[in-house]
>>> print(open('run14.txt').read())   # compact mmCIF, C-alpha atoms (C1' of nucleotides)
# COMPACT_ATOMS: atom_id res chain seq x y z
CA MET A 1070 14.26 -89.35 63.12
CA ALA A 1071 16.92 -88.07 61.48
CA ALA A 1072 18.02 -90.74 63.63
CA THR A 1073 17.86 -89.16 66.95
CA LEU A 1074 21.27 -87.69 66.90
CA ALA A 1075 20.22 -85.49 69.70
CA PRO A 1076 22.20 -86.34 72.81
CA HIS A 1077 25.87 -85.98 72.13
CA SER A 1078 29.01 -84.98 73.77
CA VAL A 1079 31.21 -82.48 72.02
CA GLU A 1080 33.41 -85.26 70.80
CA ASP A 1081 30.48 -87.24 69.50
CA VAL A 1082 29.35 -84.33 67.44
CA LEU A 1083 32.80 -83.74 66.08
CA GLU A 1084 33.01 -87.32 65.03
CA LEU A 1085 29.63 -87.13 63.39
CA LEU A 1086 30.82 -84.04 61.62
CA ARG A 1087 33.90 -85.78 60.35
CA SER A 1088 31.99 -88.83 59.25
CA ARG A 1089 29.93 -86.57 57.07
CA GLY A 1090 32.95 -85.20 55.33
CA GLY A 1091 33.13 -82.15 57.53
CA ARG A 1092 36.21 -80.95 59.34
CA VAL A 1093 36.94 -80.45 62.94
CA THR A 1094 38.08 -76.91 63.42
CA THR A 1095 38.89 -75.03 66.55
CA SER A 1096 36.02 -72.66 66.16
CA ARG A 1097 33.63 -75.55 65.94
CA ARG A 1098 35.08 -77.17 68.98
CA VAL A 1099 34.73 -74.01 70.99
CA LEU A 1100 31.25 -73.30 69.71
CA LEU A 1101 30.15 -76.77 70.67
CA ALA A 1102 31.69 -76.42 74.08
CA ALA A 1103 29.72 -73.22 74.54
CA LEU A 1104 26.53 -74.92 73.43
CA PHE A 1105 27.04 -77.84 75.76
CA GLU A 1106 28.11 -75.83 78.73
CA GLY A 1107 26.00 -72.71 78.77
CA GLY A 1108 22.30 -72.37 79.27
CA PRO A 1109 19.76 -72.67 76.54
CA HIS A 1110 18.34 -69.82 74.51
CA ARG A 1111 21.43 -68.10 73.39
CA THR A 1112 21.42 -65.97 70.32
CA ALA A 1113 24.03 -66.24 67.63
CA GLU A 1114 25.57 -63.06 68.90
CA GLU A 1115 25.79 -64.28 72.47
CA LEU A 1116 27.35 -67.49 71.34
CA ALA A 1117 29.77 -65.52 69.24
CA GLY A 1118 30.73 -63.61 72.34
CA GLU A 1119 31.43 -66.77 74.26
CA VAL A 1120 33.43 -68.25 71.46
CA GLN A 1121 35.41 -65.10 70.95
CA ALA A 1122 36.31 -65.05 74.60
CA GLN A 1123 38.58 -67.93 73.79
CA LEU A 1124 39.20 -67.46 70.13
CA THR A 1125 39.28 -63.80 69.40
CA ASP A 1126 39.20 -63.98 65.66
CA VAL A 1127 36.07 -65.95 65.03
CA HIS A 1128 33.81 -63.99 62.78
CA LEU A 1129 30.06 -63.76 63.33
CA SER A 1130 29.38 -65.21 59.94
CA THR A 1131 31.41 -68.25 60.91
CA ILE A 1132 29.20 -68.67 63.93
CA TYR A 1133 26.15 -68.52 61.72
CA ARG A 1134 27.62 -70.99 59.29
CA ASN A 1135 28.52 -73.39 62.03
CA LEU A 1136 25.17 -73.08 63.69
CA ASP A 1137 23.54 -73.83 60.37
CA GLU A 1138 25.74 -76.83 59.91
CA LEU A 1139 24.99 -78.13 63.38
CA GLU A 1140 21.35 -77.67 62.81
CA ARG A 1141 21.58 -79.58 59.57
CA LEU A 1142 23.19 -82.38 61.50
CA GLY A 1143 20.33 -82.37 63.93
CA VAL A 1144 22.53 -81.46 66.85
CA ILE A 1145 20.92 -78.14 67.62
CA VAL A 1146 17.67 -76.38 66.95
CA HIS A 1147 16.85 -72.72 66.76
CA SER A 1148 13.69 -71.05 67.92
CA HIS A 1149 12.17 -67.68 67.36
CA LEU A 1150 11.03 -66.22 70.63
CA GLY A 1151 9.00 -63.12 70.24
CA HIS A 1152 10.31 -60.59 67.79
CA GLY A 1153 13.97 -60.64 68.60
CA PRO A 1154 16.80 -62.70 67.21
CA ALA A 1155 16.61 -66.48 67.07
CA THR A 1156 17.97 -68.54 69.92
CA TYR A 1157 19.85 -71.79 69.61
CA HIS A 1158 19.96 -74.80 71.84
CA LEU A 1159 20.79 -78.47 71.80
CA ALA A 1160 18.18 -80.62 70.16
CA SER A 1161 18.20 -82.75 73.26
CA GLU A 1162 17.11 -79.86 75.45
CA THR A 1163 13.99 -79.35 73.53
CA HIS A 1164 10.89 -77.73 74.93
CA GLY A 1165 8.24 -75.24 74.02
CA HIS A 1166 8.16 -71.54 74.80
CA LEU A 1167 5.48 -69.21 75.98
CA VAL A 1168 6.47 -65.61 75.52
CA CYS A 1169 4.52 -62.75 77.02
CA GLU A 1170 4.15 -60.09 74.40
CA GLN A 1171 3.57 -57.46 77.00
CA CYS A 1172 6.44 -57.86 79.43
CA GLY A 1173 8.65 -60.20 77.48
CA THR A 1174 8.86 -62.88 80.11
CA MET A 1175 9.49 -66.31 78.71
CA LEU A 1176 8.32 -69.59 80.12
CA GLU A 1177 9.85 -72.85 79.11
CA VAL A 1178 7.24 -75.51 79.01
CA PRO A 1179 7.41 -79.23 78.46
CA GLU A 1180 6.46 -80.44 75.04
CA GLU A 1181 3.56 -82.34 76.51
CA LEU A 1182 1.71 -79.09 76.74
CA PHE A 1183 1.43 -79.25 73.00
CA ALA A 1184 0.44 -82.88 72.87
CA ALA A 1185 -3.19 -82.25 72.07
CA LEU A 1186 -2.34 -79.71 69.40
CA VAL A 1187 0.18 -82.07 67.87
CA ARG A 1188 -2.34 -84.87 67.82
CA ALA A 1189 -5.13 -82.75 66.44
CA ALA A 1190 -2.97 -81.26 63.71
CA ARG A 1191 -1.80 -84.65 62.60
CA ALA A 1192 -5.25 -86.18 62.74
CA THR A 1193 -6.99 -83.34 60.97
CA TYR A 1194 -4.40 -82.10 58.54
CA GLY A 1195 -1.67 -84.71 58.47
CA PHE A 1196 0.56 -81.90 59.67
CA VAL A 1197 3.47 -82.81 61.89
CA VAL A 1198 3.93 -79.96 64.31
CA ASP A 1199 7.29 -78.91 65.59
CA ALA A 1200 6.20 -77.03 68.65
CA ARG A 1201 9.64 -75.76 69.44
CA HIS A 1202 10.54 -73.66 66.49
CA PHE A 1203 8.32 -70.68 67.05
CA ALA A 1204 7.24 -69.47 70.40
CA VAL A 1205 3.64 -69.32 71.39
CA VAL A 1206 2.90 -65.78 72.39
CA GLY A 1207 0.25 -64.33 74.60
CA ARG A 1208 0.16 -62.75 78.00
CA CYS A 1209 1.66 -64.09 81.17
CA SER A 1210 -0.42 -64.40 84.30
CA ALA A 1211 0.71 -61.04 85.63
CA CYS A 1212 0.02 -59.10 82.46
CA ALA A 1213 -3.18 -61.00 81.77
CA ALA A 1214 -4.48 -59.67 85.06
CA LEU A 1215 -4.09 -56.08 83.92
CA PRO A 1216 -6.88 -54.18 82.23
CA ALA A 1217 -7.23 -56.06 79.03
CA ARG A 1218 -6.35 -53.56 76.43
CA ALA A 1219 -3.87 -51.47 78.32
CA ARG A 1220 -1.67 -52.21 75.37
CA GLY A 1221 -2.31 -48.88 73.79
CA ASP A 1222 -0.96 -47.20 76.85
CA VAL A 1223 2.08 -49.33 77.21
CA PRO A 1224 4.16 -49.09 74.11
CA ALA A 1225 6.41 -51.98 73.33
CA ALA A 1226 9.02 -50.66 75.70
CA SER A 1227 9.02 -54.07 77.23
CA ARG A 1228 10.80 -55.71 74.38
CA ALA A 1229 14.08 -54.63 75.80
CA GLU A 1230 13.71 -57.04 78.68
CA VAL A 1231 12.99 -60.19 76.81
CA SER A 1232 13.13 -63.22 78.96
CA GLY A 1233 12.68 -61.23 82.10
CA SER A 1234 14.77 -62.44 84.97
CA LEU A 1235 15.58 -65.86 83.66
CA MET B 716 -12.87 -50.01 75.51
CA ALA B 717 -11.01 -52.91 75.71
CA ALA B 718 -13.59 -54.31 73.96
CA THR B 719 -14.01 -56.36 71.03
CA LEU B 720 -13.31 -53.70 68.56
CA ALA B 721 -12.73 -56.33 66.00
CA PRO B 722 -15.47 -56.28 63.39
CA HIS B 723 -15.65 -52.91 61.75
CA SER B 724 -16.34 -51.29 58.50
CA VAL B 725 -13.83 -48.84 57.15
CA GLU B 726 -15.94 -45.98 58.42
CA ASP B 727 -16.24 -47.52 61.85
CA VAL B 728 -12.52 -47.74 62.15
CA LEU B 729 -12.05 -44.20 61.00
CA GLU B 730 -14.47 -43.02 63.59
CA LEU B 731 -12.74 -45.02 66.26
CA LEU B 732 -9.51 -43.48 65.11
CA ARG B 733 -10.92 -39.99 65.39
CA SER B 734 -12.42 -40.64 68.78
CA ARG B 735 -8.97 -41.51 69.99
CA GLY B 736 -7.53 -38.22 68.87
CA GLY B 737 -6.26 -39.63 65.62
CA ARG B 738 -6.85 -38.16 62.21
CA VAL B 739 -8.55 -39.49 59.18
CA THR B 740 -6.14 -39.21 56.32
CA THR B 741 -6.44 -40.43 52.80
CA SER B 742 -3.67 -42.93 53.17
CA ARG B 743 -5.45 -44.46 56.11
CA ARG B 744 -8.68 -44.64 54.28
CA VAL B 745 -7.08 -46.39 51.36
CA LEU B 746 -5.07 -48.73 53.55
CA LEU B 747 -8.20 -49.72 55.40
CA ALA B 748 -10.05 -50.29 52.16
CA ALA B 749 -7.23 -52.58 51.07
CA LEU B 750 -7.37 -54.46 54.35
CA PHE B 751 -11.10 -54.90 54.18
CA GLU B 752 -11.25 -55.84 50.56
CA GLY B 753 -8.25 -58.00 49.86
CA GLY B 754 -7.44 -61.42 51.18
CA PRO B 755 -5.71 -62.06 54.44
CA HIS B 756 -2.00 -62.52 54.92
CA ARG B 757 -0.64 -59.55 53.14
CA THR B 758 2.72 -58.20 54.00
CA ALA B 759 3.38 -54.54 54.62
CA GLU B 760 4.99 -54.32 51.24
CA GLU B 761 2.07 -55.90 49.44
CA LEU B 762 -0.32 -53.57 51.19
CA ALA B 763 1.89 -50.68 50.28
CA GLY B 764 1.63 -51.76 46.68
CA GLU B 765 -2.13 -51.80 46.81
CA VAL B 766 -2.30 -48.44 48.50
CA GLN B 767 0.15 -46.89 46.09
CA ALA B 768 -1.93 -48.09 43.17
CA GLN B 769 -4.35 -45.38 44.18
CA LEU B 770 -2.17 -42.99 46.05
CA THR B 771 1.21 -42.98 44.48
CA ASP B 772 3.03 -41.04 47.09
CA VAL B 773 2.40 -43.10 50.16
CA HIS B 774 5.68 -44.03 51.70
CA LEU B 775 6.39 -47.49 53.04
CA SER B 776 7.15 -46.11 56.44
CA THR B 777 3.70 -44.54 56.50
CA ILE B 778 2.22 -47.94 55.82
CA TYR B 779 4.15 -49.38 58.72
CA ARG B 780 3.12 -46.56 60.99
CA ASN B 781 -0.51 -46.94 60.07
CA LEU B 782 -0.41 -50.66 60.45
CA ASP B 783 1.07 -50.19 63.90
CA GLU B 784 -1.61 -47.75 64.78
CA LEU B 785 -4.37 -50.02 63.56
CA GLU B 786 -2.92 -52.84 65.51
CA ARG B 787 -2.81 -50.70 68.60
CA LEU B 788 -6.49 -50.00 68.07
CA GLY B 789 -7.16 -53.70 67.89
CA VAL B 790 -8.43 -53.51 64.34
CA ILE B 791 -5.78 -55.67 62.78
CA VAL B 792 -3.30 -58.28 63.88
CA HIS B 793 -0.02 -59.30 62.41
CA SER B 794 1.42 -62.78 62.31
CA HIS B 795 4.82 -64.17 61.63
CA LEU B 796 4.57 -67.02 59.22
CA GLY B 797 7.81 -68.83 58.82
CA HIS B 798 10.89 -66.69 58.48
CA GLY B 799 9.69 -64.08 56.07
CA PRO B 800 8.05 -60.74 56.61
CA ALA B 801 5.02 -60.41 58.87
CA THR B 802 1.55 -60.56 57.44
CA TYR B 803 -1.38 -58.43 58.48
CA HIS B 804 -5.07 -59.14 58.61
CA LEU B 805 -8.22 -57.98 60.26
CA ALA B 806 -8.57 -59.00 63.85
CA SER B 807 -11.98 -60.36 62.99
CA GLU B 808 -10.55 -62.80 60.49
CA THR B 809 -8.47 -64.47 63.04
CA HIS B 810 -7.19 -67.99 62.81
CA GLY B 811 -4.09 -70.01 63.41
CA HIS B 812 -1.39 -70.95 60.93
CA LEU B 813 0.49 -74.12 60.26
CA VAL B 814 3.50 -73.51 58.09
CA CYS B 815 5.53 -76.29 56.55
CA GLU B 816 9.17 -75.53 57.04
CA GLN B 817 10.11 -77.70 54.15
CA CYS B 818 7.91 -76.57 51.29
CA GLY B 819 6.50 -73.38 52.74
CA THR B 820 2.88 -74.32 52.34
CA MET B 821 0.64 -72.61 54.81
CA LEU B 822 -2.57 -73.94 56.25
CA GLU B 823 -5.08 -71.71 57.91
CA VAL B 824 -6.69 -73.51 60.76
CA PRO B 825 -9.53 -72.61 63.05
CA GLU B 826 -8.58 -71.40 66.48
CA GLU B 827 -10.31 -74.37 68.01
CA LEU B 828 -7.34 -76.44 67.03
CA PHE B 829 -5.50 -74.66 69.78
CA ALA B 830 -8.26 -74.96 72.32
CA ALA B 831 -6.56 -77.64 74.38
CA LEU B 832 -3.27 -75.80 74.37
CA VAL B 833 -4.97 -72.58 75.36
CA ARG B 834 -6.76 -74.31 78.16
CA ALA B 835 -3.71 -76.14 79.42
CA ALA B 836 -1.52 -73.06 79.32
CA ARG B 837 -4.02 -71.07 81.28
CA ALA B 838 -4.64 -73.82 83.79
CA THR B 839 -1.00 -74.66 84.34
CA TYR B 840 0.74 -71.33 83.95
CA GLY B 841 -1.96 -68.73 83.99
CA PHE B 842 -0.71 -67.86 80.54
CA VAL B 843 -3.21 -66.54 78.04
CA VAL B 844 -2.18 -67.83 74.66
CA ASP B 845 -2.64 -65.84 71.49
CA ALA B 846 -2.39 -68.65 69.00
CA ARG B 847 -2.48 -66.36 66.02
CA HIS B 848 0.57 -64.25 66.35
CA PHE B 849 3.23 -66.75 65.51
CA ALA B 850 2.79 -69.62 63.16
CA VAL B 851 3.16 -73.16 64.29
CA VAL B 852 5.75 -74.78 62.11
CA GLY B 853 6.36 -78.36 61.22
CA ARG B 854 5.92 -80.45 58.14
CA CYS B 855 2.86 -80.75 56.00
CA SER B 856 1.45 -84.12 55.15
CA ALA B 857 3.30 -84.32 51.86
CA CYS B 858 6.69 -83.40 53.27
CA ALA B 859 6.20 -85.47 56.38
CA ALA B 860 5.94 -88.49 54.16
CA LEU B 861 9.37 -87.90 52.69
CA PRO B 862 12.51 -89.38 54.15
CA ALA B 863 13.03 -87.32 57.22
CA ARG B 864 16.54 -86.33 56.46
CA ALA B 865 15.91 -84.76 53.10
CA ARG B 866 16.26 -81.45 54.86
CA GLY B 867 19.90 -81.08 54.14
CA ASP B 868 19.24 -81.60 50.47
CA VAL B 869 16.48 -79.11 50.10
CA PRO B 870 17.66 -75.66 51.03
CA ALA B 871 15.10 -73.17 52.10
CA ALA B 872 14.32 -72.29 48.53
CA SER B 873 10.74 -72.93 49.40
CA ARG B 874 10.17 -69.66 51.12
CA ALA B 875 9.34 -68.04 47.84
CA GLU B 876 6.13 -69.98 47.61
CA VAL B 877 4.71 -69.30 50.99
CA SER B 878 1.07 -70.06 51.21
CA GLY B 879 1.22 -72.54 48.40
CA SER B 880 -1.94 -72.80 46.44
CA LEU B 881 -4.44 -71.55 48.95
C1' DC C 910 -14.35 -19.87 57.82
C1' DA C 911 -9.75 -18.78 59.33
C1' DC C 912 -6.45 -20.40 62.97
C1' DA C 913 -3.52 -22.71 65.70
C1' DC C 914 -2.34 -27.05 67.44
C1' DT C 915 -0.46 -31.17 66.71
C1' DA C 916 -0.95 -35.60 64.40
C1' DA C 917 0.62 -37.64 60.15
C1' DT C 918 3.54 -37.83 56.23
C1' DG C 919 7.57 -38.11 52.92
C1' DC C 920 12.09 -38.85 52.76
C1' DG C 921 16.33 -40.68 53.59
C1' DA C 922 19.18 -42.79 56.38
C1' DA C 923 19.99 -46.19 60.01
C1' DT C 924 19.35 -50.43 62.46
C1' DG C 925 19.40 -55.31 63.36
C1' DG C 926 19.71 -59.97 61.98
C1' DC C 927 21.45 -62.72 58.83
C1' DC C 928 23.64 -64.32 54.43
C1' DC C 929 27.04 -64.11 50.40
C1' DG C 930 31.28 -64.10 47.54
C1' DC C 931 35.83 -64.39 47.47
C1' DA C 932 40.54 -65.22 48.38
C1' DA C 933 43.46 -67.11 51.98
C1' DC C 934 43.85 -70.88 55.14
C1' DA C 935 43.88 -75.36 57.21
C1' DG C 936 42.02 -80.26 58.16
C1' DC C 937 42.57 -84.76 56.47
C1' DG C 938 43.56 -88.84 53.54
C1' DG C 939 47.13 -90.56 50.95
C1' DC D 1209 54.78 -83.72 53.02
C1' DC D 1210 50.94 -82.79 49.29
C1' DG D 1211 46.94 -81.70 47.44
C1' DC D 1212 42.11 -81.59 47.57
C1' DT D 1213 38.42 -79.39 49.36
C1' DG D 1214 35.97 -77.80 53.36
C1' DT D 1215 36.33 -73.50 56.37
C1' DT D 1216 37.26 -69.04 57.67
C1' DG D 1217 37.85 -63.84 57.86
C1' DC D 1218 36.34 -60.09 55.93
C1' DG D 1219 33.57 -56.84 53.92
C1' DG D 1220 29.68 -55.87 51.76
C1' DG D 1221 24.77 -56.82 50.83
C1' DC D 1222 19.96 -57.67 51.73
C1' DC D 1223 15.63 -57.48 53.84
C1' DA D 1224 12.17 -55.94 57.09
C1' DT D 1225 11.43 -52.47 59.95
C1' DT D 1226 12.20 -48.09 62.43
C1' DC D 1227 13.73 -43.21 63.27
C1' DG D 1228 14.48 -38.16 62.99
C1' DC D 1229 13.09 -34.25 61.00
C1' DA D 1230 11.13 -30.72 58.48
C1' DT D 1231 6.77 -30.20 56.10
C1' DT D 1232 1.93 -30.93 55.37
C1' DA D 1233 -2.65 -31.32 56.54
C1' DG D 1234 -6.85 -32.84 59.66
C1' DT D 1235 -9.57 -30.80 63.54
C1' DG D 1236 -12.05 -28.28 67.11
C1' DT D 1237 -12.48 -23.67 68.30
C1' DG D 1238 -13.50 -19.05 68.19
>>> encode(input="run14.txt", output="structure tokens")
Amino acid sequence: MAATLAPHSVEDVLELLRSRGGRVTTSRRVLLAALFEGGPHRTAEELAGEVQAQLTDVHLSTIYRNLDELERLGVIVHSHLGHGPATYHLASETHGHLVCEQCGTMLEVPEELFAALVRAARATYGFVVDARHFAVVGRCSACAALPARARGDVPAASRAEVSGSL
Amino acid sequence: MAATLAPHSVEDVLELLRSRGGRVTTSRRVLLAALFEGGPHRTAEELAGEVQAQLTDVHLSTIYRNLDELERLGVIVHSHLGHGPATYHLASETHGHLVCEQCGTMLEVPEELFAALVRAARATYGFVVDARHFAVVGRCSACAALPARARGDVPAASRAEVSGSL
DNA sequence: CACACTAATGCGAATGGCCCGCAACAGCGG
DNA sequence: CCGCTGTTGCGGGCCATTCGCATTAGTGTG
């Protein structure tokens, strides 16, 4: 709910913002443009980079504040993939994540994959699952094929390559 | 190896440790005792507290290093519940977590709850899910009943009370 | 049982991700 | 054009975790 504010154009969001007593600033406009144009899964820092490409003086903390605000408005959502920084994306582009804890590859998966879990959690515990917020970790098909507990031999060097070649 | 090292007594683990070229130190002994005796879901800092109650000079970084080591051996597992610090518990006491992002309450749930997801992920993507490592977030029955948009009004003050009254 | 070899530790400092307080600034309604 | 108040830049702070390094202490061996 929250009234399904999800699909918006930049202008729509700005208007929503204004209607809530917020103000339309350049940094917000640019941040929104970045969110709407670029791919999903960008970290605050990446987004900051994109914004700063056009507006050199935008401070990281402003990015965080604006991301928070947008999230409060229901426009975007952030997820924690693996151990690294959170990633942000439009609420309308929502999906689940499977992250390989061995090689760092990330798979985006449709929310339906979680349907049974969502149903069971609600039925059994009255708990409404938000399958998008935290990634589901495990091992991807390639790594799963390796000798099971090779983990000891392969330190977490992988982490550097989060999200593989996506 | 590779093999179900999960259920151990303190001594078993120490022996495993030694057999891998590791050394049995007092801090490890005490840390293991804490892990075996106390409840699940303790953070590194909490564990450090318990260890230091008996061995005043154990440094936090030693706790982290030992926890890492134990995890590498497959003796313990750590999970990320909500946004706070990670929690550690014995691999044998494994279960999933549902964390309410509104009030912070945590539910421990049997792994079966994830059975369908695990099956689907493997069937569709060849991905082997580890449902324990990251919590599944959402809203608990109480919070789900509230007007959906209360989020903006209730800052994340909740985090302090993680794990509610369990 | 002493020794050497090297794992483990204490310590402090650093890192990374994120948030805060404050004073200056800038939308927006009037 | 003004003033009210939301926003921003900036710098510093905080928390969880990690690192480097010199020192200490398990261990198998002789």
>>> closest_atom_pairs(input="run14.txt", of="chain D", to="chain A", cutoff="7 Å", atoms="all atoms listed in the file", output="tab-separated table")
residue	atom	partner	partner_atom	distance
D:DG1214	C1'	A:Gly1091	CA	6.7
D:DT1216	C1'	A:Thr1131	CA	6.7
D:DG1217	C1'	A:His1128	CA	6.4
>>> axis_aligned_box(input="run14.txt", around="segment 1220-1237 of chain D", padding_each_side="5 Å", output="JSON")
{"center_x": 8.6, "center_y": -40.7, "center_z": 59.6, "size_x": 52.2, "size_y": 44.0, "size_z": 27.5}
>>> atom_distance(input="run14.txt", atom1="atom CA of Ala801 of chain B", atom2="atom CA of Gly753 of chain B")
16.2 Å
>>> atom_distance(input="run14.txt", atom1="atom CA of Ala1113 of chain A", atom2="atom CA of Val1205 of chain A")
21.0 Å
>>> closest_atom_pairs(input="run14.txt", of="chain B", to="chain A", cutoff="7 Å", atoms="all atoms listed in the file", output="CSV")
residue,atom,partner,partner_atom,distance
B:Ala717,CA,A:Arg1218,CA,4.8
B:Arg787,CA,A:Gly1221,CA,5.5
B:Leu828,CA,A:Leu1186,CA,6.4
B:Phe829,CA,A:Leu1186,CA,6.0
B:Ala831,CA,A:Ala1185,CA,6.2
B:Leu832,CA,A:Phe1183,CA,6.0
B:Ala835,CA,A:Leu1182,CA,6.7
B:Gly841,CA,A:Ser1210,CA,4.6
B:Phe842,CA,A:Cys1209,CA,4.5
B:Val843,CA,A:Arg1208,CA,5.1
B:Val844,CA,A:Gly1207,CA,4.3
B:Asp845,CA,A:Gly1207,CA,4.5
B:Ala846,CA,A:Val1205,CA,6.5
B:His848,CA,A:Val1206,CA,6.7
B:Phe849,CA,A:Val1205,CA,6.4
B:Ala850,CA,A:Phe1203,CA,6.8
B:Val851,CA,A:Phe1203,CA,6.4
B:Val852,CA,A:Asp1199,CA,5.6
B:Gly853,CA,A:Val1198,CA,4.2
B:Arg854,CA,A:Val1197,CA,5.1
B:Cys855,CA,A:Phe1196,CA,4.5
B:Ser856,CA,A:Gly1195,CA,4.6
B:Ala859,CA,A:Val1197,CA,6.7
B:Ala863,CA,A:Ala1071,CA,5.8
B:Arg864,CA,A:Ala1071,CA,5.3
B:Gly867,CA,A:Arg1141,CA,5.9
>>> interface_residues(input="run14.txt", of="chain C", to="chain A", cutoff="9 Å", atoms="only C-alpha atoms (C1' of nucleotides)", output="PDB file with C-alpha atoms (C1' of nucleotides), keeping the file's coordinate frame")
ATOM      1  C1'  DG C 925      19.400 -55.310  63.360  1.00  0.00           C
ATOM      2  C1'  DG C 926      19.710 -59.970  61.980  1.00  0.00           C
ATOM      3  C1'  DC C 927      21.450 -62.720  58.830  1.00  0.00           C
ATOM      4  C1'  DC C 928      23.640 -64.320  54.430  1.00  0.00           C
ATOM      5  C1'  DA C 935      43.880 -75.360  57.210  1.00  0.00           C
ATOM      6  C1'  DG C 936      42.020 -80.260  58.160  1.00  0.00           C
ATOM      7  C1'  DC C 937      42.570 -84.760  56.470  1.00  0.00           C
TER       8       DC C 937
END
>>> atom_distance(input="run14.txt", atom1="atom CA of Gly1118 of chain A", atom2="atom CA of Glu1080 of chain A")
21.9 Å
>>> residues_around(input="run14.txt", residues="Val1079 of chain A", least_positions_apart="3", cutoff="10 Å", atoms="all atoms listed in the file", output="list in words")
Pro1076, Val1082, Leu1083, Glu1084, Leu1085, Arg1097, Arg1098, Val1099, Leu1100, Leu1101, Ala1102, Ala1103, Leu1104, Phe1105 and Glu1106 of chain A
>>> residues_near_point(input="run14.txt", point="(21.9, -61.7, 50.3)", cutoff="10 Å", atoms="only C-alpha atoms (C1' of nucleotides)", output="short mmCIF file (atom, residue, chain, number, x, y, z; two decimals) with C-alpha atoms (C1' of nucleotides), in the frame of the given file")
data_model
loop_
_atom_site.label_atom_id
_atom_site.label_comp_id
_atom_site.auth_asym_id
_atom_site.auth_seq_id
_atom_site.Cartn_x
_atom_site.Cartn_y
_atom_site.Cartn_z
"C1'" DC C 927 21.45 -62.72 58.83
"C1'" DC C 928 23.64 -64.32 54.43
"C1'" DC C 929 27.04 -64.11 50.40
"C1'" DG D 1220 29.68 -55.87 51.76
"C1'" DG D 1221 24.77 -56.82 50.83
"C1'" DC D 1222 19.96 -57.67 51.73
"C1'" DC D 1223 15.63 -57.48 53.84
#
>>> build_atoms(input="run14.txt", residues="segment 1079-1092 of chain A", atoms="N, CA and C atoms", output="mmCIF file, in the frame of the given file")
data_model
loop_
_atom_site.group_PDB
_atom_site.id
_atom_site.type_symbol
_atom_site.label_atom_id
_atom_site.label_comp_id
_atom_site.auth_asym_id
_atom_site.auth_seq_id
_atom_site.Cartn_x
_atom_site.Cartn_y
_atom_site.Cartn_z
ATOM 1 N N VAL A 1079 30.507 -83.250 73.033
ATOM 2 C CA VAL A 1079 31.210 -82.480 72.020
ATOM 3 C C VAL A 1079 31.950 -83.407 71.080
ATOM 4 N N GLU A 1080 32.636 -84.351 71.642
ATOM 5 C CA GLU A 1080 33.410 -85.260 70.800
ATOM 6 C C GLU A 1080 32.536 -86.070 69.850
ATOM 7 N N ASP A 1081 31.408 -86.502 70.349
ATOM 8 C CA ASP A 1081 30.480 -87.240 69.500
ATOM 9 C C ASP A 1081 30.096 -86.425 68.274
ATOM 10 N N VAL A 1082 29.777 -85.178 68.542
ATOM 11 C CA VAL A 1082 29.350 -84.330 67.440
ATOM 12 C C VAL A 1082 30.491 -84.153 66.448
ATOM 13 N N LEU A 1083 31.673 -83.948 66.978
ATOM 14 C CA LEU A 1083 32.800 -83.740 66.080
ATOM 15 C C LEU A 1083 33.020 -84.972 65.204
ATOM 16 N N GLU A 1084 32.825 -86.095 65.809
ATOM 17 C CA GLU A 1084 33.010 -87.320 65.030
ATOM 18 C C GLU A 1084 31.932 -87.430 63.950
ATOM 19 N N LEU A 1085 30.720 -87.121 64.355
ATOM 20 C CA LEU A 1085 29.630 -87.130 63.390
ATOM 21 C C LEU A 1085 29.962 -86.211 62.228
ATOM 22 N N LEU A 1086 30.438 -85.045 62.601
ATOM 23 C CA LEU A 1086 30.820 -84.040 61.620
ATOM 24 C C LEU A 1086 31.831 -84.630 60.645
ATOM 25 N N ARG A 1087 32.844 -85.235 61.172
ATOM 26 C CA ARG A 1087 33.900 -85.780 60.350
ATOM 27 C C ARG A 1087 33.361 -86.891 59.449
ATOM 28 N N SER A 1088 32.513 -87.711 60.020
ATOM 29 C CA SER A 1088 31.990 -88.830 59.250
ATOM 30 C C SER A 1088 31.138 -88.342 58.082
ATOM 31 N N ARG A 1089 30.723 -87.114 58.158
ATOM 32 C CA ARG A 1089 29.930 -86.570 57.070
ATOM 33 C C ARG A 1089 30.799 -85.797 56.079
ATOM 34 N N GLY A 1090 32.072 -85.915 56.246
ATOM 35 C CA GLY A 1090 32.950 -85.200 55.330
ATOM 36 C C GLY A 1090 33.297 -83.807 55.807
ATOM 37 N N GLY A 1091 32.815 -83.468 56.992
ATOM 38 C CA GLY A 1091 33.130 -82.150 57.530
ATOM 39 C C GLY A 1091 34.468 -82.158 58.230
ATOM 40 N N ARG A 1092 34.902 -81.013 58.667
ATOM 41 C CA ARG A 1092 36.210 -80.950 59.340
ATOM 42 C C ARG A 1092 36.096 -80.393 60.738
#
